[in-house]
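Note: the block below is protein.cif and it holds mmCIF, C-alpha atoms.
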```cif
data_query
loop_
_atom_site.label_atom_id
_atom_site.label_comp_id
_atom_site.auth_asym_id
_atom_site.auth_seq_id
_atom_site.Cartn_x
_atom_site.Cartn_y
_atom_site.Cartn_z
CA MET A 1 -16.82 23.96 4.82
CA PRO A 2 -18.59 21.68 7.27
CA SER A 3 -16.99 21.21 10.67
CA TRP A 4 -16.82 17.49 9.89
CA GLY A 5 -13.46 16.00 10.82
CA PRO A 6 -10.40 16.34 8.59
CA TRP A 7 -12.18 18.49 6.00
CA ARG A 8 -11.49 21.45 8.30
CA SER A 9 -7.86 21.26 7.14
CA ARG A 10 -7.14 22.94 3.79
CA PRO A 11 -3.78 21.11 3.32
CA PHE A 12 -5.55 17.79 3.91
CA ARG A 13 -8.15 18.56 1.26
CA TYR A 14 -5.55 19.46 -1.38
CA VAL A 15 -3.18 16.58 -0.59
CA TRP A 16 -6.08 14.12 -0.48
CA VAL A 17 -7.25 15.17 -3.95
CA GLY A 18 -3.75 15.01 -5.43
CA GLU A 19 -2.92 11.64 -3.93
CA SER A 20 -6.31 10.26 -4.98
CA LEU A 21 -5.61 11.18 -8.61
CA SER A 22 -2.17 9.61 -8.37
CA MET A 23 -3.67 6.41 -6.92
CA VAL A 24 -6.07 6.10 -9.85
CA GLY A 25 -3.15 6.52 -12.26
CA ASP A 26 -1.10 3.91 -10.40
CA ALA A 27 -3.94 1.37 -10.35
CA GLY A 28 -4.46 1.77 -14.09
CA TYR A 29 -0.73 1.56 -14.70
CA GLN A 30 -0.56 -1.82 -12.95
CA ILE A 31 -2.90 -3.30 -15.56
CA VAL A 32 -0.94 -1.66 -18.38
CA PHE A 33 2.34 -2.86 -16.88
CA VAL A 34 1.23 -6.47 -16.39
CA TRP A 35 -0.36 -6.71 -19.83
CA LEU A 36 2.65 -5.23 -21.59
CA VAL A 37 5.02 -7.71 -19.94
CA LEU A 38 2.77 -10.67 -20.73
CA SER A 39 2.28 -9.45 -24.30
CA ILE A 40 6.02 -9.09 -24.86
CA SER A 41 7.19 -12.23 -23.04
CA ARG A 42 4.08 -14.47 -23.07
CA SER A 43 5.41 -16.05 -19.88
CA PRO A 44 4.18 -15.83 -16.25
CA ALA A 45 7.76 -16.61 -15.14
CA VAL A 46 9.08 -13.50 -16.92
CA LEU A 47 6.29 -11.44 -15.36
CA ALA A 48 7.35 -12.70 -11.94
CA ALA A 49 11.00 -11.81 -12.68
CA VAL A 50 10.05 -8.29 -13.76
CA VAL A 51 7.99 -7.68 -10.60
CA VAL A 52 10.83 -9.04 -8.45
CA GLY A 53 13.25 -6.66 -10.17
CA THR A 54 11.03 -3.75 -9.19
CA SER A 55 10.51 -4.96 -5.62
CA VAL A 56 14.12 -5.56 -4.57
CA PRO A 57 15.17 -1.87 -4.43
CA ARG A 58 12.10 -1.09 -2.31
CA ALA A 59 13.01 -3.77 0.21
CA VAL A 60 16.70 -2.80 0.37
CA LEU A 61 16.13 0.94 0.79
CA LEU A 62 12.93 1.04 2.84
CA LEU A 63 14.55 1.54 6.26
CA LEU A 64 16.71 4.28 4.79
CA GLY A 65 13.57 5.89 3.36
CA GLY A 66 12.00 5.96 6.82
CA ALA A 67 15.07 7.48 8.44
CA VAL A 68 15.34 10.16 5.73
CA THR A 69 11.63 10.96 6.13
CA ASP A 70 12.00 11.48 9.88
CA ARG A 71 15.07 13.67 9.32
CA VAL A 72 13.99 15.75 6.33
CA SER A 73 10.16 15.82 6.14
CA ALA A 74 7.38 13.73 4.66
CA ARG A 75 6.46 16.68 2.43
CA THR A 76 9.90 16.93 0.79
CA VAL A 77 10.27 13.19 0.31
CA MET A 78 6.81 12.81 -1.25
CA LEU A 79 7.41 15.76 -3.59
CA SER A 80 10.72 14.32 -4.78
CA SER A 81 9.26 10.85 -5.27
CA HIS A 82 6.35 12.15 -7.35
CA LEU A 83 8.69 14.11 -9.62
CA VAL A 84 11.09 11.18 -10.10
CA ARG A 85 8.31 8.76 -11.03
CA GLY A 86 6.63 11.29 -13.30
CA VAL A 87 9.85 11.81 -15.25
CA ALA A 88 10.43 8.04 -15.44
CA LEU A 89 6.97 7.56 -16.95
CA VAL A 90 7.63 10.31 -19.50
CA ILE A 91 10.71 8.32 -20.58
CA LEU A 92 8.69 5.07 -20.79
CA THR A 93 6.06 6.89 -22.86
CA ALA A 94 8.72 8.04 -25.30
CA LEU A 95 10.07 4.49 -25.58
CA ALA A 96 6.56 3.14 -26.23
CA LEU A 97 5.99 5.75 -28.96
CA THR A 98 9.23 4.77 -30.70
CA SER A 99 8.54 1.03 -30.36
CA GLY A 100 11.63 0.73 -28.21
CA LEU A 101 9.90 -0.79 -25.19
CA ARG A 102 11.34 -4.07 -23.94
CA VAL A 103 10.74 -6.17 -20.85
CA TRP A 104 13.97 -5.12 -19.15
CA GLU A 105 12.92 -1.48 -19.42
CA LEU A 106 9.71 -2.30 -17.57
CA ILE A 107 11.58 -3.62 -14.54
CA GLY A 108 11.47 -0.10 -13.19
CA VAL A 109 14.35 -0.10 -10.73
CA LEU A 110 13.87 3.64 -10.51
CA PHE A 111 10.27 3.12 -9.44
CA GLY A 112 11.41 0.75 -6.73
CA VAL A 113 13.88 3.30 -5.37
CA ALA A 114 11.31 6.10 -5.39
CA ASP A 115 8.70 3.88 -3.73
CA ALA A 116 11.14 3.01 -0.91
CA PHE A 117 11.15 6.69 0.09
CA PHE A 118 7.55 7.52 -0.81
CA GLY A 119 6.06 4.73 1.33
CA PRO A 120 7.39 5.91 4.72
CA ALA A 121 6.64 9.55 3.83
CA SER A 122 3.03 8.97 2.74
CA GLY A 123 2.34 6.97 5.89
CA SER A 124 3.79 9.71 8.10
CA ILE A 125 2.34 12.89 6.65
CA LEU A 126 -1.20 12.65 8.07
CA PRO A 127 -0.26 13.93 11.55
CA SER A 128 1.04 17.12 9.91
CA LEU A 129 -2.26 17.74 8.09
CA VAL A 130 -5.04 17.07 10.63
CA GLN A 131 -5.60 16.97 14.38
CA GLU A 132 -5.09 13.64 16.14
CA SER A 133 -8.79 13.39 16.92
CA ASP A 134 -9.44 13.44 13.16
CA LEU A 135 -6.99 10.64 12.35
CA PRO A 136 -9.54 7.80 12.13
CA ARG A 137 -11.72 9.66 9.62
CA ALA A 138 -8.68 10.92 7.73
CA ASN A 139 -7.42 7.35 7.39
CA ALA A 140 -10.89 6.25 6.34
CA LEU A 141 -10.93 8.91 3.61
CA VAL A 142 -7.49 7.81 2.43
CA GLY A 143 -8.83 4.26 2.41
CA VAL A 144 -11.81 5.36 0.35
CA SER A 145 -9.43 6.92 -2.18
CA GLU A 146 -7.29 3.80 -2.32
CA GLN A 147 -10.24 1.52 -2.84
CA ALA A 148 -11.95 3.82 -5.33
CA ALA A 149 -8.67 3.88 -7.26
CA SER A 150 -8.47 0.08 -7.09
CA PHE A 151 -11.97 -0.07 -8.56
CA ILE A 152 -11.71 2.68 -11.18
CA GLY A 153 -8.03 2.41 -12.15
CA PRO A 154 -7.91 -1.19 -13.48
CA VAL A 155 -11.02 -0.71 -15.61
CA LEU A 156 -9.61 2.60 -16.89
CA GLY A 157 -6.24 0.97 -17.63
CA GLY A 158 -7.82 -1.96 -19.46
CA ALA A 159 -10.12 0.36 -21.42
CA LEU A 160 -7.23 2.64 -22.41
CA LEU A 161 -5.24 -0.35 -23.67
CA ALA A 162 -8.21 -1.57 -25.69
CA ALA A 163 -9.22 1.83 -27.10
CA THR A 164 -5.90 3.66 -27.49
CA SER A 165 -2.35 2.51 -26.85
CA SER A 166 0.13 1.80 -24.07
CA SER A 167 1.81 5.18 -24.64
CA VAL A 168 -1.43 7.04 -23.88
CA ALA A 169 -1.94 5.07 -20.66
CA LEU A 170 1.65 5.70 -19.56
CA ALA A 171 1.42 9.42 -20.33
CA LEU A 172 -1.78 9.85 -18.32
CA ASN A 173 -0.18 8.28 -15.25
CA ALA A 174 2.77 10.64 -15.61
CA VAL A 175 0.34 13.58 -15.52
CA THR A 176 -1.17 12.33 -12.24
CA PHE A 177 2.29 12.27 -10.62
CA PHE A 178 2.95 15.88 -11.59
CA LEU A 179 -0.48 16.98 -10.31
CA ALA A 180 0.16 15.21 -7.00
CA ALA A 181 3.52 16.99 -6.74
CA LEU A 182 1.71 20.33 -7.04
CA THR A 183 -0.83 19.51 -4.33
CA ILE A 184 1.79 18.23 -1.88
CA LEU A 185 3.25 21.75 -1.87
CA THR A 186 0.24 22.83 0.24
CA ALA A 187 1.39 20.62 3.13
CA PRO A 188 3.10 22.49 6.02
CA ARG A 189 6.85 22.83 5.77
CA THR A 190 8.99 21.13 8.41
CA ASP A 191 12.31 22.93 8.59
CA ARG A 192 15.32 20.91 9.62
CA SER A 193 17.22 22.39 12.54
CA PRO A 194 21.06 22.36 12.71
CA ALA A 195 20.80 19.74 15.45
CA HIS A 196 19.21 17.39 12.94
CA ARG A 197 21.76 17.61 10.14
CA THR A 198 21.97 14.37 8.25
CA SER A 199 25.01 12.11 8.28
CA VAL A 200 25.53 8.45 7.46
CA ALA A 201 26.23 7.62 11.11
CA ALA A 202 23.10 9.46 12.27
CA LEU A 203 20.90 7.73 9.70
CA LEU A 204 22.26 4.31 10.65
CA SER A 205 21.70 5.08 14.33
CA GLU A 206 18.12 6.16 13.71
CA MET A 207 17.42 3.09 11.60
CA ARG A 208 18.61 0.94 14.50
CA GLY A 209 16.42 2.97 16.85
CA GLY A 210 13.31 2.28 14.79
CA ILE A 211 14.07 -1.46 14.67
CA SER A 212 14.75 -1.53 18.42
CA TYR A 213 11.45 0.17 19.23
CA ALA A 214 9.51 -2.22 17.00
CA THR A 215 11.13 -5.38 18.38
CA ARG A 216 10.39 -4.35 21.99
CA ASN A 217 6.73 -3.56 21.33
CA VAL A 218 4.40 -6.57 21.34
CA GLU A 219 1.64 -4.70 19.45
CA VAL A 220 4.02 -3.87 16.62
CA ARG A 221 5.15 -7.50 16.48
CA VAL A 222 1.55 -8.64 16.05
CA VAL A 223 1.04 -6.15 13.22
CA VAL A 224 4.30 -7.26 11.56
CA LEU A 225 3.09 -10.88 11.61
CA LEU A 226 -0.18 -9.86 9.99
CA VAL A 227 1.57 -7.76 7.32
CA SER A 228 4.06 -10.56 6.60
CA ALA A 229 1.39 -13.19 6.04
CA ALA A 230 -0.69 -10.82 3.88
CA THR A 231 2.35 -10.01 1.74
CA LEU A 232 3.21 -13.65 1.14
CA SER A 233 -0.38 -14.26 0.04
CA TYR A 234 -1.42 -11.14 -1.82
CA SER A 235 1.74 -10.18 -3.72
CA GLY A 236 2.00 -13.29 -5.85
CA LEU A 237 -1.76 -13.66 -6.06
CA PHE A 238 -2.31 -10.23 -7.63
CA ALA A 239 0.94 -10.03 -9.60
CA VAL A 240 0.85 -13.54 -11.09
CA GLY A 241 -2.21 -15.52 -10.01
CA LEU A 242 -4.99 -13.21 -11.18
CA PRO A 243 -3.29 -12.25 -14.51
CA THR A 244 -2.67 -15.95 -15.26
CA LEU A 245 -6.26 -16.82 -14.35
CA ALA A 246 -7.57 -14.01 -16.59
CA ARG A 247 -5.30 -15.00 -19.48
CA GLY A 248 -6.89 -18.44 -19.43
CA THR A 249 -10.33 -16.95 -20.13
CA SER A 250 -11.79 -15.74 -23.42
CA ASN A 251 -12.09 -12.19 -22.06
CA GLY A 252 -8.37 -11.52 -21.57
CA SER A 253 -7.47 -8.08 -20.25
CA LEU A 254 -11.13 -7.27 -19.55
CA ALA A 255 -11.37 -10.27 -17.20
CA LEU A 256 -8.24 -9.11 -15.37
CA GLY A 257 -9.65 -5.61 -15.00
CA VAL A 258 -12.94 -7.00 -13.65
CA LEU A 259 -11.17 -9.22 -11.08
CA VAL A 260 -8.98 -6.44 -9.75
CA SER A 261 -11.81 -3.90 -9.84
CA ALA A 262 -14.11 -6.23 -7.90
CA TRP A 263 -11.52 -6.33 -5.15
CA GLY A 264 -11.25 -2.55 -5.25
CA LEU A 265 -15.04 -2.13 -5.14
CA GLY A 266 -15.28 -4.37 -2.09
CA GLN A 267 -12.57 -2.43 -0.32
CA LEU A 268 -14.26 0.85 -1.26
CA ILE A 269 -17.51 -0.30 0.35
CA GLY A 270 -15.60 -1.42 3.44
CA ALA A 271 -13.72 1.88 3.75
CA ILE A 272 -16.91 3.93 3.37
CA GLY A 273 -18.54 1.75 6.02
CA ALA A 274 -15.63 2.39 8.39
CA SER A 275 -15.87 6.15 7.83
CA ILE A 276 -19.57 6.04 8.79
CA THR A 277 -19.63 3.53 11.64
CA GLY A 278 -16.18 4.18 13.09
CA LEU A 279 -13.53 1.63 13.98
CA PRO A 280 -14.37 -1.70 15.63
CA ARG A 281 -13.73 -1.74 19.38
CA ARG A 282 -12.62 -5.39 19.40
CA TRP A 283 -10.21 -5.07 16.48
CA GLY A 284 -8.16 -8.08 17.59
CA LEU A 285 -11.03 -10.55 17.25
CA LEU A 286 -11.93 -9.03 13.89
CA ILE A 287 -8.45 -9.46 12.40
CA VAL A 288 -8.29 -13.06 13.64
CA ALA A 289 -11.59 -13.86 11.92
CA MET A 290 -10.68 -11.99 8.73
CA THR A 291 -7.25 -13.62 8.44
CA LEU A 292 -8.82 -17.08 8.57
CA ALA A 293 -11.51 -15.98 6.09
CA GLU A 294 -8.89 -14.69 3.64
CA GLY A 295 -6.97 -17.96 3.71
CA SER A 296 -10.16 -19.96 3.15
CA CYS A 297 -11.22 -17.74 0.23
CA PHE A 298 -7.85 -18.01 -1.50
CA ALA A 299 -7.97 -21.80 -1.21
CA VAL A 300 -11.09 -22.00 -3.39
CA LEU A 301 -10.45 -19.16 -5.88
CA GLY A 302 -8.44 -21.30 -8.28
CA PHE A 303 -11.27 -23.81 -8.56
CA VAL A 304 -14.20 -21.52 -9.40
CA PRO A 305 -15.73 -22.25 -12.82
CA HIS A 306 -16.06 -18.62 -14.05
CA TYR A 307 -14.10 -15.43 -13.51
CA LEU A 308 -17.25 -13.52 -12.52
CA LEU A 309 -17.71 -15.86 -9.54
CA ALA A 310 -14.07 -15.26 -8.59
CA ALA A 311 -14.74 -11.52 -8.84
CA ALA A 312 -17.73 -11.85 -6.49
CA LEU A 313 -15.62 -13.69 -3.91
CA LEU A 314 -12.87 -11.06 -4.12
CA GLY A 315 -15.40 -8.24 -3.73
CA ALA A 316 -16.96 -9.76 -0.61
CA LEU A 317 -13.55 -10.40 0.92
CA GLY A 318 -12.42 -6.87 0.13
CA ILE A 319 -15.20 -5.37 2.26
CA GLY A 320 -13.96 -7.09 5.40
CA VAL A 321 -10.28 -6.48 4.69
CA ALA A 322 -10.81 -2.74 4.21
CA TYR A 323 -12.76 -2.38 7.43
CA SER A 324 -10.48 -4.54 9.58
CA THR A 325 -7.08 -3.64 8.17
CA ASP A 326 -6.91 -0.73 5.73
CA VAL A 327 -8.52 1.83 8.07
CA ALA A 328 -8.03 0.44 11.57
CA LEU A 329 -4.40 -0.67 11.21
CA PRO A 330 -2.80 2.70 10.30
CA THR A 331 -4.86 4.51 12.95
CA PHE A 332 -3.84 1.88 15.50
CA ILE A 333 -0.15 2.46 14.78
CA GLN A 334 -0.32 6.25 14.38
CA THR A 335 -1.92 6.69 17.79
CA ARG A 336 0.56 4.38 19.54
CA THR A 337 3.86 5.42 17.98
CA PRO A 338 5.96 8.42 19.09
CA ARG A 339 5.73 11.09 16.40
CA SER A 340 9.52 11.20 16.01
CA LEU A 341 9.50 7.50 15.03
CA LEU A 342 6.57 7.44 12.61
CA GLY A 343 8.64 7.34 9.42
CA ARG A 344 10.82 4.53 10.69
CA VAL A 345 8.13 2.47 12.40
CA ILE A 346 4.81 2.88 10.63
CA ASN A 347 6.02 2.52 7.06
CA SER A 348 9.57 1.23 7.41
CA VAL A 349 9.74 -1.50 10.03
CA ILE A 350 6.09 -2.47 9.59
CA ALA A 351 6.19 -2.17 5.80
CA LEU A 352 9.60 -3.87 5.50
CA PRO A 353 8.08 -7.38 5.35
CA ARG A 354 5.77 -6.12 2.61
CA TYR A 355 8.70 -5.22 0.39
CA ALA A 356 11.15 -7.89 1.53
CA LEU A 357 8.69 -10.78 1.15
CA GLU A 358 6.99 -9.54 -2.03
CA PRO A 359 9.74 -10.86 -4.35
CA LEU A 360 9.62 -14.25 -2.59
CA SER A 361 5.85 -14.46 -2.99
CA VAL A 362 5.91 -13.40 -6.63
CA ALA A 363 8.80 -15.71 -7.53
CA ALA A 364 7.23 -18.72 -5.80
CA MET A 365 3.82 -18.22 -7.37
CA GLY A 366 5.37 -17.49 -10.75
CA ALA A 367 7.09 -20.88 -10.62
CA LEU A 368 3.93 -22.61 -9.42
CA ALA A 369 1.90 -20.98 -12.21
CA LEU A 370 3.95 -23.01 -14.68
CA LEU A 371 2.46 -26.14 -13.08
CA GLY A 372 -1.09 -24.76 -13.07
CA VAL A 373 -2.96 -21.70 -11.90
CA ARG A 374 -4.64 -23.59 -9.06
CA TRP A 375 -1.28 -24.08 -7.36
CA THR A 376 -0.80 -20.34 -7.02
CA PHE A 377 -4.07 -19.92 -5.15
CA THR A 378 -3.34 -22.88 -2.89
CA MET A 379 0.02 -21.34 -2.01
CA ALA A 380 -1.67 -17.99 -1.31
CA ALA A 381 -3.98 -19.60 1.24
CA ILE A 382 -1.27 -21.16 3.39
CA PRO A 383 0.37 -18.03 4.97
CA MET A 384 -2.99 -16.49 5.92
CA LEU A 385 -4.29 -19.69 7.47
CA ILE A 386 -1.10 -20.12 9.52
CA ALA A 387 -1.19 -16.47 10.65
CA GLY A 388 -4.86 -16.79 11.59
CA ILE A 389 -4.14 -19.80 13.80
CA VAL A 390 -1.17 -18.05 15.46
CA LEU A 391 -3.18 -14.86 16.11
CA ALA A 392 -6.13 -16.83 17.46
CA SER A 393 -3.83 -18.49 20.00
CA SER A 394 -2.39 -15.14 21.19
CA ARG A 395 -4.21 -13.39 24.03
CA THR A 396 -2.52 -10.10 23.09
CA ALA A 397 -3.74 -10.33 19.50
CA ARG A 398 -7.29 -11.24 20.51
CA HIS A 399 -7.50 -8.24 22.87
CA LEU A 400 -6.12 -5.58 20.54
CA SER A 401 -8.40 -2.55 20.45
CA ALA A 402 -8.31 0.35 18.02
CA ASP A 403 -9.77 2.87 20.46
CA ASN A 404 -7.91 2.35 23.73
CA PRO A 405 -4.79 4.38 24.63
CA SER A 406 -1.56 2.44 24.83
CA PRO A 407 1.75 3.10 26.57
CA ALA A 408 3.42 2.32 23.26
CA ARG A 409 2.59 5.89 22.20
CA GLY A 410 5.70 7.04 24.03
CA THR A 411 6.58 9.75 26.49
CA ALA A 412 5.53 13.35 26.27
CA HIS A 413 9.04 14.16 25.07
CA ASP A 414 8.55 11.81 22.12
CA ARG A 415 5.28 13.37 20.99
CA ALA A 416 4.85 16.21 18.56
CA PRO A 417 1.71 18.32 18.05
CA SER A 418 -1.00 16.35 16.23
CA THR A 419 -2.04 16.55 12.59
CA ASN A 420 -2.57 14.01 9.70
CA THR A 421 -3.46 12.95 6.12
#
```
Produce structure tokens that represent the structure in this file.
Amino acid sequence: MPSWGPWRSRPFRYVWVGESLSMVGDAGYQIVFVWLVLSISRSPAVLAAVVVGTSVPRAVLLLLGGAVTDRVSARTVMLSSHLVRGVALVILTALALTSGLRVWELIGVLFGVADAFFGPASGSILPSLVQESDLPRANALVGVSEQAASFIGPVLGGALLAATSSSVALALNAVTFFLAALTILTAPRTDRSPAHRTSVAALLSEMRGGISYATRNVEVRVVVLLVSAATLSYSGLFAVGLPTLARGTSNGSLALGVLVSAWGLGQLIGAIGASITGLPRRWGLLIVAMTLAEGSCFAVLGFVPHYLLAAALLGALGIGVAYSTDVALPTFIQTRTPRSLLGRVINSVIALPRYALEPLSVAAMGALALLGVRWTFTMAAIPMLIAGIVLASSRTARHLSADNPSPARGTAHDRAPSTNT
């Protein structure tokens, strides 16, 4: 193997392949999921309700998922989550084969619960797979996988629906979960010592500790603002806005697949660019500019005359978002957060707005979609424009840098030996 960065780590290579396959399955499943709900209900409002039903368990249990990850291990939590979701998809496949599938069965409360634990674990496992010096490239490679999946998965999902059936698409995603479970077994074990035995009181205390750390740290607060605004904009836009826009065209599910894939292609290009050029030194100025650009783009998307033009706008925007946020943001947090707090901070406290605000975004845009699709895109623009103005007025935000050490990393006592994935 070349001496190039994270590829030196065998566990990273295996976990990266397994998670990449799972991401492709998930991206395809989202198209299958959305189209099944719309086909059964024929209502954007019902689609919004179904997505909200899936999102609520994630928001409620996310902090607990972070605390359990820090106590048990990212490896164990990811393995369990993959198995639970794989079994759930096997059940959905059986229901689809017997024509017993209904909207309420697609709500996927079980998926929401599993995601609440998988999110903190997947965001914390990289330091156990690679050296800290390899974190930026490891995050870039994860970003490449995510964006490639966003590009390939929706087209694959739409094609499977058109050529086969929903049961085939569901079964294939189940297979990807089981394959990912096998590859996660190559990650190093983290044995729990007697001093770290889990109790309800200990978990509650550690959840409070993660929240306390995040509220005291100005850099984390800036990131939380950015994540909150993005969630309010993107969740409803992708869950309701784009499907409704596509349904109004003559190309149906193909148009939806093209729109989502264009976004994924743009992000793939951005992630590859970040892996080649490295992270931007003046990350703060970049996120300010990109946040304002995102809001401006969303404001005009609902008014474009053809879905291919909307796809081109999404692709161009995706390049900048991947470079400025998808690669730089996780590296920024991983290198500034004490290792013992990663599960609670990086993907619990920081991701909490993502899950807590997602139902609000989806519900609001689902209601607005009943008035007209343009209203959903106008609503999506507002949070990003407000966040961009707030960040631009903050000296701390403007001076954030992805490559300078920060005291937020913690004391030597807080740090563990480096590795990532």
Expressed in Å, the length from atom CA of Ala27 of chain A to atom CA of Ile152 of chain A is 7.9 Å
Starting from the shown file, work through the PyMOL selection byres ((chain A and resi 293-310) around 7) and note down what comes out as a PyMOL selection string. chain A and resi 255+289-292+311-314+317+373-374+377-378+380-382+384-385
Neighbour list for Ala367 of chain A as a PyMOL selection string, cut-off 9 Å, only C-alpha atoms, skip fewer than 4 positions in-chain: chain A and resi 44-45+48+362-363+371+376
Inset, instruction - Choose the residue, out of A:Ser166, A:Asn217, A:Thr176, A:Ser233, that has the smallest atom-to-atom separation from Trp35 of chain A; count all atoms listed in the file. - result: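 Closest to Trp35 of chain A, using all atoms listed in the file: A:Ser166.
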Expressed in Å, the length from atom CA of Ile211 of chain A to atom CA of Ile287 of chain A is 24.0 Å
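When all atoms listed in the file are used to compute distances to Ala392 of chain A, the closest of the residues A:Leu110, A:Ala351, A:Val24, A:Val222 turns out to be A:Val222.
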If the PyMOL selection byres ((chain A and resi 31) around 8) is run on the structure shown, which residues does it catch, given as a ChimeraX atom specification? /A:27-30,32-35,154,157-158,256-257
- prompt: Which of these residues is nearest to Ala262 of chain A, using only C-alpha atoms: A:Ala74, A:Val50, A:Leu370, A:Leu242?
  reply: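 Nearest candidate to Ala262 of chain A out of A:Ala74, A:Val50, A:Leu370, A:Leu242: A:Leu242.
Between atom CA of Gly236 of chain A and atom CA of Ala356 of chain A the interatomic distance comes to 12.9 Å.
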Task: Selected residue, from A:Ser393, A:Ser128, A:Thr249, A:Ser401, that lies nearest to Ala187 of chain A when counting all atoms listed in the file - done: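 Between A:Ser393, A:Ser128, A:Thr249, A:Ser401, the residue approaching Ala187 of chain A most closely is A:Ser128.
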Exercise. Compare A:Val15, A:Val56, A:Leu161, A:Ile333 by their minimum atom-to-atom distance to Leu179 of chain A, counting all atoms listed in the file, and give me the closest one.
Key: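 Among the listed residues, the smallest separation from Leu179 of chain A belongs to A:Val15.
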Mind running segment 221-317 of chain A against segment 131-150 of chain A at 7 Å and telling me each contacting residue's nearest atom pair with the distance in Å (one decimal), counting only C-alpha atoms, chain and number ascending, as JSON lines?
```
{"residue": "A:Ser261", "atom": "CA", "partner": "A:Ser150", "partner_atom": "CA", "distance": 5.9}
{"residue": "A:Gly264", "atom": "CA", "partner": "A:Ser150", "partner_atom": "CA", "distance": 4.2}
{"residue": "A:Leu265", "atom": "CA", "partner": "A:Gln147", "partner_atom": "CA", "distance": 6.5}
{"residue": "A:Gln267", "atom": "CA", "partner": "A:Gln147", "partner_atom": "CA", "distance": 5.2}
{"residue": "A:Leu268", "atom": "CA", "partner": "A:Gln147", "partner_atom": "CA", "distance": 4.4}
{"residue": "A:Ala271", "atom": "CA", "partner": "A:Val144", "partner_atom": "CA", "distance": 5.2}
{"residue": "A:Ile272", "atom": "CA", "partner": "A:Val144", "partner_atom": "CA", "distance": 6.1}
{"residue": "A:Ala274", "atom": "CA", "partner": "A:Ala140", "partner_atom": "CA", "distance": 6.4}
{"residue": "A:Ser275", "atom": "CA", "partner": "A:Ala140", "partner_atom": "CA", "distance": 5.2}
```
Thr93 of chain A environment, 8 Å, only C-alpha atoms, sequence neighbours closer than 6 positions dropped, as an MDAnalysis selection string: chainID A and resid 166:168 170:171
Those same residues, written as a compact mmCIF listing (two decimals), in the coordinates of the input with C-alpha atoms?
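Resulting contents of part20.txt:
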```
# COMPACT_ATOMS: atom_id res chain seq x y z
CA SER A 166 0.13 1.80 -24.07
CA SER A 167 1.81 5.18 -24.64
CA VAL A 168 -1.43 7.04 -23.88
CA LEU A 170 1.65 5.70 -19.56
CA ALA A 171 1.42 9.42 -20.33
```
Could you expand the PyMOL selection byres ((chain A and resi 178) around 10) into the explicit residues it covers here, written as a CSV table (one decimal) with C-alpha atoms, keeping the file's coordinate frame?
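The new file selection-v6.csv reads:
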```csv
chain,number,residue,atom,x,y,z
A,18,GLY,CA,-3.8,15.0,-5.4
A,22,SER,CA,-2.2,9.6,-8.4
A,79,LEU,CA,7.4,15.8,-3.6
A,82,HIS,CA,6.4,12.2,-7.4
A,83,LEU,CA,8.7,14.1,-9.6
A,84,VAL,CA,11.1,11.2,-10.1
A,85,ARG,CA,8.3,8.8,-11.0
A,86,GLY,CA,6.6,11.3,-13.3
A,87,VAL,CA,9.8,11.8,-15.2
A,173,ASN,CA,-0.2,8.3,-15.2
A,174,ALA,CA,2.8,10.6,-15.6
A,175,VAL,CA,0.3,13.6,-15.5
A,176,THR,CA,-1.2,12.3,-12.2
A,177,PHE,CA,2.3,12.3,-10.6
A,179,LEU,CA,-0.5,17.0,-10.3
A,180,ALA,CA,0.2,15.2,-7.0
A,181,ALA,CA,3.5,17.0,-6.7
A,182,LEU,CA,1.7,20.3,-7.0
A,183,THR,CA,-0.8,19.5,-4.3
```
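Of the residues under consideration (A:Thr396, A:Ser122, A:Ser43, A:Thr69), A:Thr396 shows the shortest atom-to-atom contact distance to Val223 of chain A when counting all atoms listed in the file.
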Any chance you could work out the axis-aligned box around segment 362-378 of chain A, listed atoms only, 5 Å on each side, giving centre and edge lengths in Å to one decimal, as AutoDock Vina command-line options?
```
--center_x 2.1 --center_y -19.8 --center_z -8.8 --size_x 23.4 --size_y 22.7 --size_z 21.8
```
Interface rows for segment 90-182 of chain A against segment 58-62 of chain A: nearest pair, Å to one decimal, 12 Å, all atoms listed in the file, as CSV:
```
residue,atom,partner,partner_atom,distance
A:Gly108,CA,A:Arg58,CA,10.9
A:Val109,CA,A:Arg58,CA,8.8
A:Leu110,CA,A:Arg58,CA,9.6
A:Phe111,CA,A:Arg58,CA,8.5
A:Gly112,CA,A:Arg58,CA,4.8
A:Val113,CA,A:Arg58,CA,5.6
A:Ala114,CA,A:Arg58,CA,7.9
A:Asp115,CA,A:Arg58,CA,6.2
A:Ala116,CA,A:Arg58,CA,4.4
A:Phe117,CA,A:Leu62,CA,6.5
A:Phe118,CA,A:Leu62,CA,9.2
A:Gly119,CA,A:Leu62,CA,7.9
A:Pro120,CA,A:Leu62,CA,7.6
A:Ala121,CA,A:Leu62,CA,10.6
```
Could you write out the selected residues, including C-alpha atoms, as an mmCIF file, in the coordinates of the input?
```cif
data_model
loop_
_atom_site.group_PDB
_atom_site.id
_atom_site.type_symbol
_atom_site.label_atom_id
_atom_site.label_comp_id
_atom_site.auth_asym_id
_atom_site.auth_seq_id
_atom_site.Cartn_x
_atom_site.Cartn_y
_atom_site.Cartn_z
ATOM 1 C CA GLY A 108 11.470 -0.100 -13.190
ATOM 2 C CA VAL A 109 14.350 -0.100 -10.730
ATOM 3 C CA LEU A 110 13.870 3.640 -10.510
ATOM 4 C CA PHE A 111 10.270 3.120 -9.440
ATOM 5 C CA GLY A 112 11.410 0.750 -6.730
ATOM 6 C CA VAL A 113 13.880 3.300 -5.370
ATOM 7 C CA ALA A 114 11.310 6.100 -5.390
ATOM 8 C CA ASP A 115 8.700 3.880 -3.730
ATOM 9 C CA ALA A 116 11.140 3.010 -0.910
ATOM 10 C CA PHE A 117 11.150 6.690 0.090
ATOM 11 C CA PHE A 118 7.550 7.520 -0.810
ATOM 12 C CA GLY A 119 6.060 4.730 1.330
ATOM 13 C CA PRO A 120 7.390 5.910 4.720
ATOM 14 C CA ALA A 121 6.640 9.550 3.830
#
```
